Amino acid sequence: MNLSISQNLINSLGVQPIVDWRRELPVNKNYTWAQLTGGPRNLSDITTIALHHDGVAKSGTLERTDLQLATTIANNHIKSTNNEKKGDAGFPYHIWIRNGFVYYCVNLEDMTYGISSNNGYTVHICVSGDYYNYDSLTEKDRNALYAAIYTVQKSLPAFKEVKSHGEINPTDCPGYDMKRVRSDMVTVQNKMAYMDTPDYAKTRAYSIANQILFFYNLAQGKNPDGTQATPGNIEWGKNVLLELDPFMTERGLL
C-alpha cells in the first residue's frame, strides 16, 4: 500500500512529505521479504507499531547521505547469516527516519525481521542514530517520528498500540523516552482530530480571507489603521498577492 502524510499534519509539525524508497534500496538476490516470510500480511493482522533506532551514532555518519547510509544498513542485513543462511531479505525497517525525512522502505504488508518472534503483528519504525549511548532526538527527527506514527496507525484497521523494541523484547533499543513519545502523540492526535472538524475549516478559511484582504489593502496603499502605507509596504503587499498567481491560475481561479 502507498503512504502519504496529510497536509494538516505537514502544516502542524512542519515535516516533509514521505519519500518512497521501496524500489531504491538493495534486496537479497535470493528472495524478497514477502517471498521469505510467506507472502504479504493482511493489514488487519497488524496491531502494533514498534519503535527502533538503528544504533549507528550520528557522529560517525555525517558525511554519508541518507540513501548511502540506508543502503549500507540494507547490505549489512543481506550479508548477515544470523537469521537465514542466505541472509535477510533486505532493509529491516518499514519506515526509517533521518535528517527530518520519513522514508518508506518496505511495504507495511511485508513481515521483516525487526524483533525476534514478534514480527507477524508489528510494523517497524526506526530513527537513525544511537539514542541509548550518544545521540538525542532533534526536533526535526522527533516531529518526523510523530508524523510517521500517526500516518501508519491510521493505515492499520486493527491498530492497538505503540511500543518500543525494548518493551517487547529486552533491549536498549530505541533509547529515547517512550513516555514523552506517548504524551506528545496524544497532543498530535487531539490536534489532528480538531483540524478535521468543520469549525477548524471555517476558522482557517476566515484567516486566509482576512490575510488576503490585508495584503490587498496594503497594495492599494492602505495600512490597517487607515493611514497611508509606505512604498516598501505597498510593494510587499503586491508581491505577496502575486505569489498566489500560479496557484490560482493552475486551479482555473483566474
# chains A, B, ... in the order shown; residues from 1 in each chain; ligands from 1

call {"tool": "closest_atom_pairs", "arguments": {"of": "range 67-145 of chain A", "to": "range 156-171 of chain A", "cutoff": "12 Å", "atoms": "only C-alpha atoms", "output": "CSV"}}
result
residue,atom,partner,partner_atom,distance
A:Tyr93,CA,A:His165,CA,12.0
A:Leu108,CA,A:Leu156,CA,9.2
A:Glu109,CA,A:Leu156,CA,10.1
A:Tyr113,CA,A:His165,CA,11.9
A:Gly114,CA,A:His165,CA,8.4
A:Ile115,CA,A:His165,CA,6.8
A:Ser116,CA,A:Asn169,CA,7.7
A:Ser117,CA,A:Asn169,CA,9.1
A:Asn118,CA,A:Ile168,CA,7.8
A:Asn119,CA,A:Ile168,CA,10.5
A:Tyr121,CA,A:Phe159,CA,9.7
A:Thr122,CA,A:Val162,CA,9.5
A:Val123,CA,A:Val162,CA,9.6
A:His124,CA,A:His165,CA,8.9
A:Ile125,CA,A:Ser164,CA,9.6
A:Cys126,CA,A:His165,CA,9.9
A:Val127,CA,A:Ser164,CA,11.8
A:Tyr132,CA,A:Thr171,CA,10.2
A:Leu145,CA,A:Val162,CA,11.9

call {"tool": "write_last_selection", "arguments": {"atoms": "all heavy atoms", "output": "compact mmCIF listing (two decimals), in the first residue's frame"}}
result
# COMPACT_ATOMS: atom_id res chain seq x y z
N TYR A 93 13.53 -2.26 8.38
CA TYR A 93 12.52 -1.36 8.92
C TYR A 93 11.56 -0.91 7.82
O TYR A 93 11.97 -0.57 6.71
CB TYR A 93 13.18 -0.12 9.53
CG TYR A 93 14.30 -0.44 10.48
CD1 TYR A 93 15.63 -0.16 10.14
CD2 TYR A 93 14.06 -1.04 11.70
CE1 TYR A 93 16.68 -0.45 11.00
CE2 TYR A 93 15.09 -1.35 12.57
CZ TYR A 93 16.40 -1.06 12.21
OH TYR A 93 17.43 -1.35 13.06
N LEU A 108 4.21 -2.09 4.21
CA LEU A 108 3.67 -2.41 5.53
C LEU A 108 3.18 -3.86 5.58
O LEU A 108 3.24 -4.51 6.64
CB LEU A 108 2.51 -1.47 5.88
CG LEU A 108 2.81 0.02 6.02
CD1 LEU A 108 1.58 0.73 6.58
CD2 LEU A 108 4.02 0.28 6.91
N GLU A 109 2.69 -4.36 4.45
CA GLU A 109 2.16 -5.72 4.42
C GLU A 109 3.25 -6.78 4.56
O GLU A 109 2.95 -7.93 4.90
CB GLU A 109 1.40 -5.97 3.11
CG GLU A 109 0.19 -5.08 2.91
CD GLU A 109 0.51 -3.83 2.10
OE1 GLU A 109 1.67 -3.38 2.13
OE2 GLU A 109 -0.42 -3.33 1.44
N TYR A 113 12.32 -8.80 9.72
CA TYR A 113 12.92 -9.29 10.96
C TYR A 113 13.36 -8.10 11.82
O TYR A 113 14.52 -7.72 11.85
CB TYR A 113 14.12 -10.18 10.65
CG TYR A 113 13.77 -11.49 9.97
CD1 TYR A 113 14.77 -12.26 9.39
CD2 TYR A 113 12.46 -11.96 9.92
CE1 TYR A 113 14.47 -13.47 8.76
CE2 TYR A 113 12.15 -13.15 9.30
CZ TYR A 113 13.16 -13.91 8.72
OH TYR A 113 12.86 -15.10 8.10
N GLY A 114 12.40 -7.50 12.52
CA GLY A 114 12.70 -6.36 13.38
C GLY A 114 12.84 -6.73 14.83
O GLY A 114 13.70 -6.21 15.54
N ILE A 115 12.00 -7.66 15.32
CA ILE A 115 12.02 -8.10 16.71
C ILE A 115 11.80 -9.61 16.73
O ILE A 115 10.76 -10.09 16.30
CB ILE A 115 10.93 -7.41 17.56
CG1 ILE A 115 11.09 -5.89 17.50
CG2 ILE A 115 10.99 -7.88 19.00
CD1 ILE A 115 9.99 -5.13 18.24
N SER A 116 12.74 -10.32 17.26
CA SER A 116 12.68 -11.78 17.27
C SER A 116 11.35 -12.29 17.84
O SER A 116 10.92 -11.87 18.91
CB SER A 116 13.84 -12.34 18.09
OG SER A 116 13.78 -13.75 18.14
N SER A 117 10.70 -13.16 17.08
CA SER A 117 9.45 -13.83 17.49
C SER A 117 8.26 -12.88 17.63
O SER A 117 7.22 -13.26 18.17
CB SER A 117 9.65 -14.60 18.81
OG SER A 117 10.68 -15.54 18.69
N ASN A 118 8.41 -11.63 17.17
CA ASN A 118 7.32 -10.66 17.31
C ASN A 118 7.16 -9.81 16.05
O ASN A 118 6.92 -8.60 16.14
CB ASN A 118 7.58 -9.75 18.51
CG ASN A 118 7.43 -10.44 19.83
OD1 ASN A 118 6.33 -10.50 20.38
ND2 ASN A 118 8.51 -10.99 20.34
N ASN A 119 7.26 -10.44 14.92
CA ASN A 119 7.22 -9.69 13.67
C ASN A 119 5.91 -9.81 12.90
O ASN A 119 5.60 -8.95 12.07
CB ASN A 119 8.38 -10.11 12.76
CG ASN A 119 9.73 -9.72 13.35
OD1 ASN A 119 9.96 -8.57 13.67
ND2 ASN A 119 10.60 -10.70 13.51
N TYR A 121 2.87 -9.32 13.79
CA TYR A 121 1.84 -8.33 14.12
C TYR A 121 2.39 -6.91 14.23
O TYR A 121 1.68 -5.99 14.64
CB TYR A 121 1.15 -8.71 15.43
CG TYR A 121 2.05 -8.65 16.65
CD1 TYR A 121 2.08 -7.52 17.47
CD2 TYR A 121 2.89 -9.72 16.98
CE1 TYR A 121 2.91 -7.46 18.58
CE2 TYR A 121 3.72 -9.67 18.07
CZ TYR A 121 3.72 -8.55 18.88
OH TYR A 121 4.54 -8.49 19.99
N THR A 122 3.65 -6.70 13.87
CA THR A 122 4.31 -5.41 14.08
C THR A 122 4.74 -4.75 12.78
O THR A 122 5.10 -5.40 11.81
CB THR A 122 5.55 -5.57 14.98
OG1 THR A 122 6.38 -6.62 14.47
CG2 THR A 122 5.16 -5.88 16.41
N VAL A 123 4.71 -3.42 12.82
CA VAL A 123 5.33 -2.57 11.80
C VAL A 123 6.49 -1.86 12.48
O VAL A 123 6.35 -1.36 13.61
CB VAL A 123 4.34 -1.54 11.24
CG1 VAL A 123 5.07 -0.41 10.51
CG2 VAL A 123 3.37 -2.20 10.29
N HIS A 124 7.64 -1.79 11.81
CA HIS A 124 8.84 -1.27 12.44
C HIS A 124 9.19 0.13 11.92
O HIS A 124 9.39 0.32 10.72
CB HIS A 124 10.01 -2.23 12.20
CG HIS A 124 9.74 -3.62 12.69
ND1 HIS A 124 9.62 -3.92 14.02
CD2 HIS A 124 9.51 -4.79 12.01
CE1 HIS A 124 9.36 -5.21 14.16
NE2 HIS A 124 9.28 -5.75 12.95
N ILE A 125 9.24 1.09 12.84
CA ILE A 125 9.64 2.45 12.53
C ILE A 125 10.95 2.74 13.26
O ILE A 125 11.04 2.56 14.47
CB ILE A 125 8.57 3.47 12.95
CG1 ILE A 125 7.27 3.24 12.17
CG2 ILE A 125 9.07 4.91 12.74
CD1 ILE A 125 6.14 4.20 12.55
N CYS A 126 11.94 3.22 12.52
CA CYS A 126 13.28 3.42 13.06
C CYS A 126 13.75 4.85 12.83
O CYS A 126 13.55 5.41 11.75
CB CYS A 126 14.25 2.45 12.39
SG CYS A 126 15.99 2.69 12.83
N VAL A 127 14.36 5.44 13.87
CA VAL A 127 15.03 6.73 13.72
C VAL A 127 16.53 6.49 13.72
O VAL A 127 17.06 5.83 14.62
CB VAL A 127 14.66 7.71 14.85
CG1 VAL A 127 15.27 9.09 14.58
CG2 VAL A 127 13.16 7.81 15.01
N TYR A 132 20.69 5.47 22.85
CA TYR A 132 20.99 4.94 24.18
C TYR A 132 22.34 5.43 24.67
O TYR A 132 22.51 5.73 25.85
CB TYR A 132 20.98 3.41 24.16
CG TYR A 132 21.20 2.81 25.53
CD1 TYR A 132 20.18 2.79 26.47
CD2 TYR A 132 22.44 2.27 25.88
CE1 TYR A 132 20.39 2.25 27.74
CE2 TYR A 132 22.66 1.73 27.13
CZ TYR A 132 21.63 1.72 28.07
OH TYR A 132 21.84 1.20 29.32
N LEU A 145 9.12 11.51 13.36
CA LEU A 145 8.70 10.27 14.02
C LEU A 145 7.22 10.31 14.33
O LEU A 145 6.48 9.35 14.07
CB LEU A 145 9.51 10.07 15.30
CG LEU A 145 9.08 8.91 16.20
CD1 LEU A 145 9.21 7.58 15.47
CD2 LEU A 145 9.90 8.91 17.50

call {"tool": "residues_around", "arguments": {"residues": "Asn143 in chain A", "least_positions_apart": "3", "cutoff": "9 Å", "atoms": "only C-alpha atoms", "output": "list in words"}}
result
Leu13, Gly14, Val15, Gly100, Thr138, Glu139, Lys140, Tyr146, Ala147 and Ala148 of chain A

call {"tool": "residues_around", "arguments": {"residues": "Pro231 in chain A", "least_positions_apart": "4", "cutoff": "9 Å", "atoms": "only C-alpha atoms", "output": "list in words"}}
result
Gly221, Glu235 and Trp236 of chain A

call {"tool": "residues_around", "arguments": {"residues": "Leu36 in chain A", "least_positions_apart": "3", "cutoff": "10 Å", "atoms": "only C-alpha atoms", "output": "list in words"}}
result
Asn30, Tyr31, Thr32, Trp33, Gly39, Glu84, Asp88, Ala89, Asp110, Met111 and Thr112 of chain A

call {"tool": "write_last_selection", "arguments": {"atoms": "all heavy atoms", "output": "compact mmCIF listing (two decimals), in the first residue's frame"}}
result
# COMPACT_ATOMS: atom_id res chain seq x y z
N ASN A 30 18.16 -13.61 -3.60
CA ASN A 30 17.50 -14.91 -3.45
C ASN A 30 16.01 -14.81 -3.15
O ASN A 30 15.26 -15.73 -3.46
CB ASN A 30 18.17 -15.71 -2.32
CG ASN A 30 19.62 -16.02 -2.62
OD1 ASN A 30 19.92 -16.73 -3.58
ND2 ASN A 30 20.52 -15.47 -1.82
N TYR A 31 15.58 -13.68 -2.57
CA TYR A 31 14.17 -13.54 -2.21
C TYR A 31 13.89 -12.14 -1.70
O TYR A 31 14.79 -11.41 -1.29
CB TYR A 31 13.76 -14.54 -1.13
CG TYR A 31 14.83 -14.84 -0.09
CD1 TYR A 31 15.34 -13.85 0.76
CD2 TYR A 31 15.35 -16.12 0.03
CE1 TYR A 31 16.32 -14.12 1.70
CE2 TYR A 31 16.34 -16.42 0.96
CZ TYR A 31 16.82 -15.41 1.80
OH TYR A 31 17.80 -15.68 2.72
N THR A 32 12.63 -11.77 -1.77
CA THR A 32 12.15 -10.53 -1.14
C THR A 32 11.63 -10.89 0.25
O THR A 32 11.52 -12.07 0.62
CB THR A 32 11.01 -9.91 -1.96
OG1 THR A 32 9.89 -10.81 -1.94
CG2 THR A 32 11.44 -9.65 -3.40
N TRP A 33 11.25 -9.86 1.02
CA TRP A 33 10.65 -10.14 2.33
C TRP A 33 9.37 -10.95 2.18
O TRP A 33 9.13 -11.90 2.94
CB TRP A 33 10.36 -8.84 3.08
CG TRP A 33 11.55 -8.22 3.73
CD1 TRP A 33 12.11 -7.00 3.45
CD2 TRP A 33 12.33 -8.77 4.80
NE1 TRP A 33 13.20 -6.78 4.26
CE2 TRP A 33 13.36 -7.83 5.10
CE3 TRP A 33 12.29 -9.96 5.52
CZ2 TRP A 33 14.30 -8.06 6.10
CZ3 TRP A 33 13.23 -10.19 6.52
CH2 TRP A 33 14.22 -9.24 6.79
N GLY A 39 4.58 -14.47 1.98
CA GLY A 39 3.66 -13.58 1.28
C GLY A 39 3.22 -12.41 2.12
O GLY A 39 3.49 -12.35 3.32
N GLU A 84 19.07 -16.16 8.58
CA GLU A 84 18.91 -17.04 7.42
C GLU A 84 20.28 -17.36 6.82
O GLU A 84 21.16 -16.50 6.80
CB GLU A 84 18.04 -16.37 6.35
CG GLU A 84 16.67 -15.91 6.82
CD GLU A 84 15.72 -17.07 7.04
OE1 GLU A 84 16.01 -18.19 6.54
OE2 GLU A 84 14.68 -16.85 7.71
N ASP A 88 19.26 -11.95 5.34
CA ASP A 88 17.92 -11.33 5.40
C ASP A 88 17.53 -10.87 4.00
O ASP A 88 18.38 -10.72 3.11
CB ASP A 88 17.91 -10.15 6.35
CG ASP A 88 18.04 -10.56 7.81
OD1 ASP A 88 17.99 -11.77 8.09
OD2 ASP A 88 18.21 -9.67 8.66
N ALA A 89 16.26 -10.58 3.83
CA ALA A 89 15.77 -10.18 2.51
C ALA A 89 16.18 -8.77 2.12
O ALA A 89 16.26 -8.45 0.93
CB ALA A 89 14.25 -10.31 2.45
N ASP A 110 4.50 -6.42 4.29
CA ASP A 110 5.59 -7.39 4.35
C ASP A 110 6.11 -7.54 5.77
O ASP A 110 6.36 -6.54 6.46
CB ASP A 110 6.74 -6.97 3.44
CG ASP A 110 6.38 -7.02 1.97
OD1 ASP A 110 5.32 -7.61 1.64
OD2 ASP A 110 7.13 -6.47 1.15
N MET A 111 6.29 -8.76 6.20
CA MET A 111 6.88 -9.01 7.51
C MET A 111 8.40 -8.97 7.39
O MET A 111 8.98 -9.61 6.50
CB MET A 111 6.45 -10.37 8.05
CG MET A 111 6.88 -10.62 9.48
SD MET A 111 6.37 -12.24 10.10
CE MET A 111 7.77 -13.24 9.59
N THR A 112 9.05 -8.19 8.24
CA THR A 112 10.51 -8.14 8.27
C THR A 112 11.01 -8.67 9.60
O THR A 112 10.23 -8.95 10.50
CB THR A 112 11.01 -6.69 8.08
OG1 THR A 112 10.67 -5.92 9.25
CG2 THR A 112 10.39 -6.04 6.85

call {"tool": "closest_residue", "arguments": {"among": "A:Leu3, A:Asn8, A:Arg41, A:Ser80", "to": "Tyr194 in chain A", "atoms": "only C-alpha atoms"}}
result
A:Asn8

call {"tool": "residues_around", "arguments": {"residues": "Asn107 in chain A", "least_positions_apart": "3", "cutoff": "9 Å", "atoms": "only C-alpha atoms", "output": "list in words"}}
result
Met1, Asn2, Arg22, Pro40, His94, Tyr104, Asp110 and Met111 of chain A

call {"tool": "select_by_dssp", "arguments": {"residues": "range 30-118 of chain A", "states": "helix (DSSP H, G or I)", "output": "list in words"}}
result
Trp33, Ala34, Gln35, Leu36, Leu43, Ser44, Asp45, Lys58, Ser59, Gly60, Asp66, Leu67, Gln68, Leu69, Ala70, Thr71, Thr72, Ile73, Ala74, Asn75, Asn76, His77, Ile78 and Lys79 of chain A

call {"tool": "write_last_selection", "arguments": {"atoms": "N, CA and C atoms", "output": "JSON list (two decimals), in the first residue's frame"}}
result
[["chain", "number", "residue", "atom", "x", "y", "z"],
["A", 33, "TRP", "N", 11.25, -9.86, 1.02],
["A", 33, "TRP", "CA", 10.65, -10.14, 2.33],
["A", 33, "TRP", "C", 9.37, -10.95, 2.18],
["A", 34, "ALA", "N", 8.55, -10.60, 1.21],
["A", 34, "ALA", "CA", 7.28, -11.32, 1.02],
["A", 34, "ALA", "C", 7.53, -12.78, 0.67],
["A", 35, "GLN", "N", 8.53, -13.04, -0.18],
["A", 35, "GLN", "CA", 8.83, -14.42, -0.56],
["A", 35, "GLN", "C", 9.43, -15.20, 0.60],
["A", 36, "LEU", "N", 10.25, -14.54, 1.41],
["A", 36, "LEU", "CA", 10.91, -15.20, 2.53],
["A", 36, "LEU", "C", 9.93, -15.55, 3.65],
["A", 43, "LEU", "N", -3.45, -6.48, 6.47],
["A", 43, "LEU", "CA", -3.28, -5.32, 7.35],
["A", 43, "LEU", "C", -4.04, -5.47, 8.65],
["A", 44, "SER", "N", -5.13, -6.21, 8.63],
["A", 44, "SER", "CA", -5.94, -6.40, 9.84],
["A", 44, "SER", "C", -5.21, -7.24, 10.89],
["A", 45, "ASP", "N", -4.14, -7.92, 10.48],
["A", 45, "ASP", "CA", -3.36, -8.73, 11.42],
["A", 45, "ASP", "C", -2.26, -7.92, 12.11],
["A", 58, "LYS", "N", 25.37, 9.20, 15.13],
["A", 58, "LYS", "CA", 25.33, 10.23, 14.10],
["A", 58, "LYS", "C", 26.71, 10.80, 13.79],
["A", 59, "SER", "N", 27.57, 10.87, 14.81],
["A", 59, "SER", "CA", 28.89, 11.48, 14.62],
["A", 59, "SER", "C", 29.75, 10.73, 13.60],
["A", 60, "GLY", "N", 29.48, 9.45, 13.42],
["A", 60, "GLY", "CA", 30.29, 8.66, 12.51],
["A", 60, "GLY", "C", 29.75, 8.59, 11.09],
["A", 66, "ASP", "N", 21.61, 10.24, 3.27],
["A", 66, "ASP", "CA", 20.61, 9.34, 3.84],
["A", 66, "ASP", "C", 20.57, 8.03, 3.05],
["A", 67, "LEU", "N", 20.58, 8.12, 1.72],
["A", 67, "LEU", "CA", 20.50, 6.93, 0.89],
["A", 67, "LEU", "C", 21.74, 6.05, 1.04],
["A", 68, "GLN", "N", 22.90, 6.68, 1.15],
["A", 68, "GLN", "CA", 24.13, 5.90, 1.32],
["A", 68, "GLN", "C", 24.11, 5.10, 2.63],
["A", 69, "LEU", "N", 23.66, 5.74, 3.70],
["A", 69, "LEU", "CA", 23.62, 5.03, 4.98],
["A", 69, "LEU", "C", 22.57, 3.93, 4.97],
["A", 70, "ALA", "N", 21.39, 4.21, 4.43],
["A", 70, "ALA", "CA", 20.34, 3.19, 4.36],
["A", 70, "ALA", "C", 20.78, 2.01, 3.50],
["A", 71, "THR", "N", 21.50, 2.29, 2.42],
["A", 71, "THR", "CA", 22.00, 1.22, 1.55],
["A", 71, "THR", "C", 22.98, 0.33, 2.30],
["A", 72, "THR", "N", 23.85, 0.95, 3.10],
["A", 72, "THR", "CA", 24.80, 0.18, 3.90],
["A", 72, "THR", "C", 24.08, -0.72, 4.90],
["A", 73, "ILE", "N", 23.07, -0.17, 5.57],
["A", 73, "ILE", "CA", 22.29, -0.96, 6.53],
["A", 73, "ILE", "C", 21.62, -2.14, 5.84],
["A", 74, "ALA", "N", 21.02, -1.88, 4.68],
["A", 74, "ALA", "CA", 20.36, -2.95, 3.93],
["A", 74, "ALA", "C", 21.36, -4.04, 3.54],
["A", 75, "ASN", "N", 22.51, -3.64, 3.02],
["A", 75, "ASN", "CA", 23.52, -4.62, 2.60],
["A", 75, "ASN", "C", 24.05, -5.43, 3.78],
["A", 76, "ASN", "N", 24.22, -4.78, 4.93],
["A", 76, "ASN", "CA", 24.68, -5.50, 6.12],
["A", 76, "ASN", "C", 23.70, -6.59, 6.51],
["A", 77, "HIS", "N", 22.42, -6.32, 6.40],
["A", 77, "HIS", "CA", 21.42, -7.33, 6.75],
["A", 77, "HIS", "C", 21.36, -8.44, 5.70],
["A", 78, "ILE", "N", 21.55, -8.07, 4.45],
["A", 78, "ILE", "CA", 21.55, -9.09, 3.39],
["A", 78, "ILE", "C", 22.74, -10.04, 3.56],
["A", 79, "LYS", "N", 23.86, -9.51, 4.01],
["A", 79, "LYS", "CA", 25.06, -10.32, 4.21],
["A", 79, "LYS", "C", 25.03, -11.13, 5.50]]

call {"tool": "closest_residue", "arguments": {"among": "A:Val240, A:Lys85, A:Arg98, A:Gln7", "to": "Leu213 in chain A", "atoms": "only C-alpha atoms"}}
result
A:Val240

call {"tool": "atom_distance", "arguments": {"atom1": "CA of Arg251 in chain A", "atom2": "CA of Ile234 in chain A"}}
result
26.7 Å

call {"tool": "closest_residue", "arguments": {"among": "A:Ala209, A:Gly90, A:Asp172, A:Leu62", "to": "Val106 in chain A", "atoms": "only C-alpha atoms"}}
result
A:Gly90

call {"tool": "select_by_dssp", "arguments": {"residues": "range 59-113 of chain A", "states": "strand (DSSP E)", "output": "list in words"}}
result
Ile95, Trp96, Ile97, Arg98, Phe101, Val102, Tyr103 and Tyr104 of chain A

call {"tool": "write_last_selection", "arguments": {"atoms": "N, CA, C and O atoms", "output": "CSV table (one decimal), in the first residue's frame"}}
result
chain,number,residue,atom,x,y,z
A,95,ILE,N,9.7,1.8,8.0
A,95,ILE,CA,9.9,3.3,8.0
A,95,ILE,C,11.2,3.6,8.6
A,95,ILE,O,11.5,3.1,9.7
A,96,TRP,N,12.0,4.5,8.0
A,96,TRP,CA,13.3,4.9,8.5
A,96,TRP,C,13.3,6.4,8.5
A,96,TRP,O,12.9,7.0,7.5
A,97,ILE,N,13.8,7.0,9.5
A,97,ILE,CA,13.8,8.5,9.6
A,97,ILE,C,15.3,9.0,9.8
A,97,ILE,O,16.0,8.5,10.7
A,98,ARG,N,15.6,10.0,9.1
A,98,ARG,CA,16.9,10.6,9.2
A,98,ARG,C,16.9,12.0,8.7
A,98,ARG,O,16.2,12.3,7.7
A,101,PHE,N,13.5,13.5,7.6
A,101,PHE,CA,12.8,13.0,6.5
A,101,PHE,C,12.2,11.6,6.9
A,101,PHE,O,12.9,10.8,7.5
A,102,VAL,N,11.0,11.3,6.4
A,102,VAL,CA,10.4,10.0,6.6
A,102,VAL,C,10.5,9.2,5.3
A,102,VAL,O,10.0,9.6,4.3
A,103,TYR,N,11.3,8.1,5.4
A,103,TYR,CA,11.5,7.2,4.2
A,103,TYR,C,10.7,5.9,4.4
A,103,TYR,O,10.8,5.2,5.4
A,104,TYR,N,9.9,5.7,3.3
A,104,TYR,CA,9.0,4.4,3.3
A,104,TYR,C,9.9,3.4,2.6
A,104,TYR,O,10.1,3.5,1.4

call {"tool": "closest_residue", "arguments": {"among": "A:Gly129, A:Pro246, A:Pro224, A:Gly175", "to": "Ala57 in chain A", "atoms": "only C-alpha atoms"}}
result
A:Gly129

call {"tool": "decode", "arguments": {"residues": "range 48-62 of chain A", "atoms": "N, CA and C atoms", "output": "mmCIF file, in the first residue's frame"}}
result
data_model
loop_
_atom_site.group_PDB
_atom_site.id
_atom_site.type_symbol
_atom_site.label_atom_id
_atom_site.label_comp_id
_atom_site.auth_asym_id
_atom_site.auth_seq_id
_atom_site.Cartn_x
_atom_site.Cartn_y
_atom_site.Cartn_z
ATOM 1 N N THR A 48 0.459 -3.486 16.074
ATOM 2 C CA THR A 48 1.441 -2.779 16.896
ATOM 3 C C THR A 48 2.498 -2.090 16.046
ATOM 4 N N ILE A 49 2.795 -0.846 16.396
ATOM 5 C CA ILE A 49 3.931 -0.128 15.816
ATOM 6 C C ILE A 49 5.095 -0.257 16.784
ATOM 7 N N ALA A 50 6.194 -0.810 16.319
ATOM 8 C CA ALA A 50 7.390 -0.986 17.144
ATOM 9 C C ALA A 50 8.419 0.071 16.756
ATOM 10 N N LEU A 51 8.943 0.761 17.768
ATOM 11 C CA LEU A 51 9.895 1.850 17.533
ATOM 12 C C LEU A 51 11.326 1.389 17.792
ATOM 13 N N HIS A 52 12.236 1.849 16.929
ATOM 14 C CA HIS A 52 13.638 1.433 16.974
ATOM 15 C C HIS A 52 14.574 2.621 16.780
ATOM 16 N N HIS A 53 15.857 2.400 17.074
ATOM 17 C CA HIS A 53 16.943 3.185 16.492
ATOM 18 C C HIS A 53 17.827 2.192 15.763
ATOM 19 N N ASP A 54 18.644 2.685 14.831
ATOM 20 C CA ASP A 54 19.494 1.740 14.102
ATOM 21 C C ASP A 54 20.836 1.519 14.791
ATOM 22 N N GLY A 55 21.079 2.242 15.902
ATOM 23 C CA GLY A 55 22.299 2.036 16.669
ATOM 24 C C GLY A 55 23.541 2.606 16.025
ATOM 25 N N VAL A 56 23.388 3.393 14.974
ATOM 26 C CA VAL A 56 24.528 3.985 14.268
ATOM 27 C C VAL A 56 24.690 5.425 14.743
ATOM 28 N N ALA A 57 25.747 5.698 15.508
ATOM 29 C CA ALA A 57 25.956 7.039 16.052
ATOM 30 C C ALA A 57 26.041 8.076 14.937
ATOM 31 N N LYS A 58 25.370 9.196 15.134
ATOM 32 C CA LYS A 58 25.330 10.229 14.101
ATOM 33 C C LYS A 58 26.714 10.796 13.793
ATOM 34 N N SER A 59 27.575 10.873 14.810
ATOM 35 C CA SER A 59 28.889 11.485 14.619
ATOM 36 C C SER A 59 29.746 10.732 13.600
ATOM 37 N N GLY A 60 29.478 9.450 13.425
ATOM 38 C CA GLY A 60 30.287 8.657 12.510
ATOM 39 C C GLY A 60 29.752 8.589 11.090
ATOM 40 N N THR A 61 28.594 9.235 10.850
ATOM 41 C CA THR A 61 27.984 9.129 9.518
ATOM 42 C C THR A 61 27.638 10.485 8.919
ATOM 43 N N LEU A 62 28.249 11.546 9.422
ATOM 44 C CA LEU A 62 27.895 12.894 8.983
ATOM 45 C C LEU A 62 28.125 13.113 7.493
#
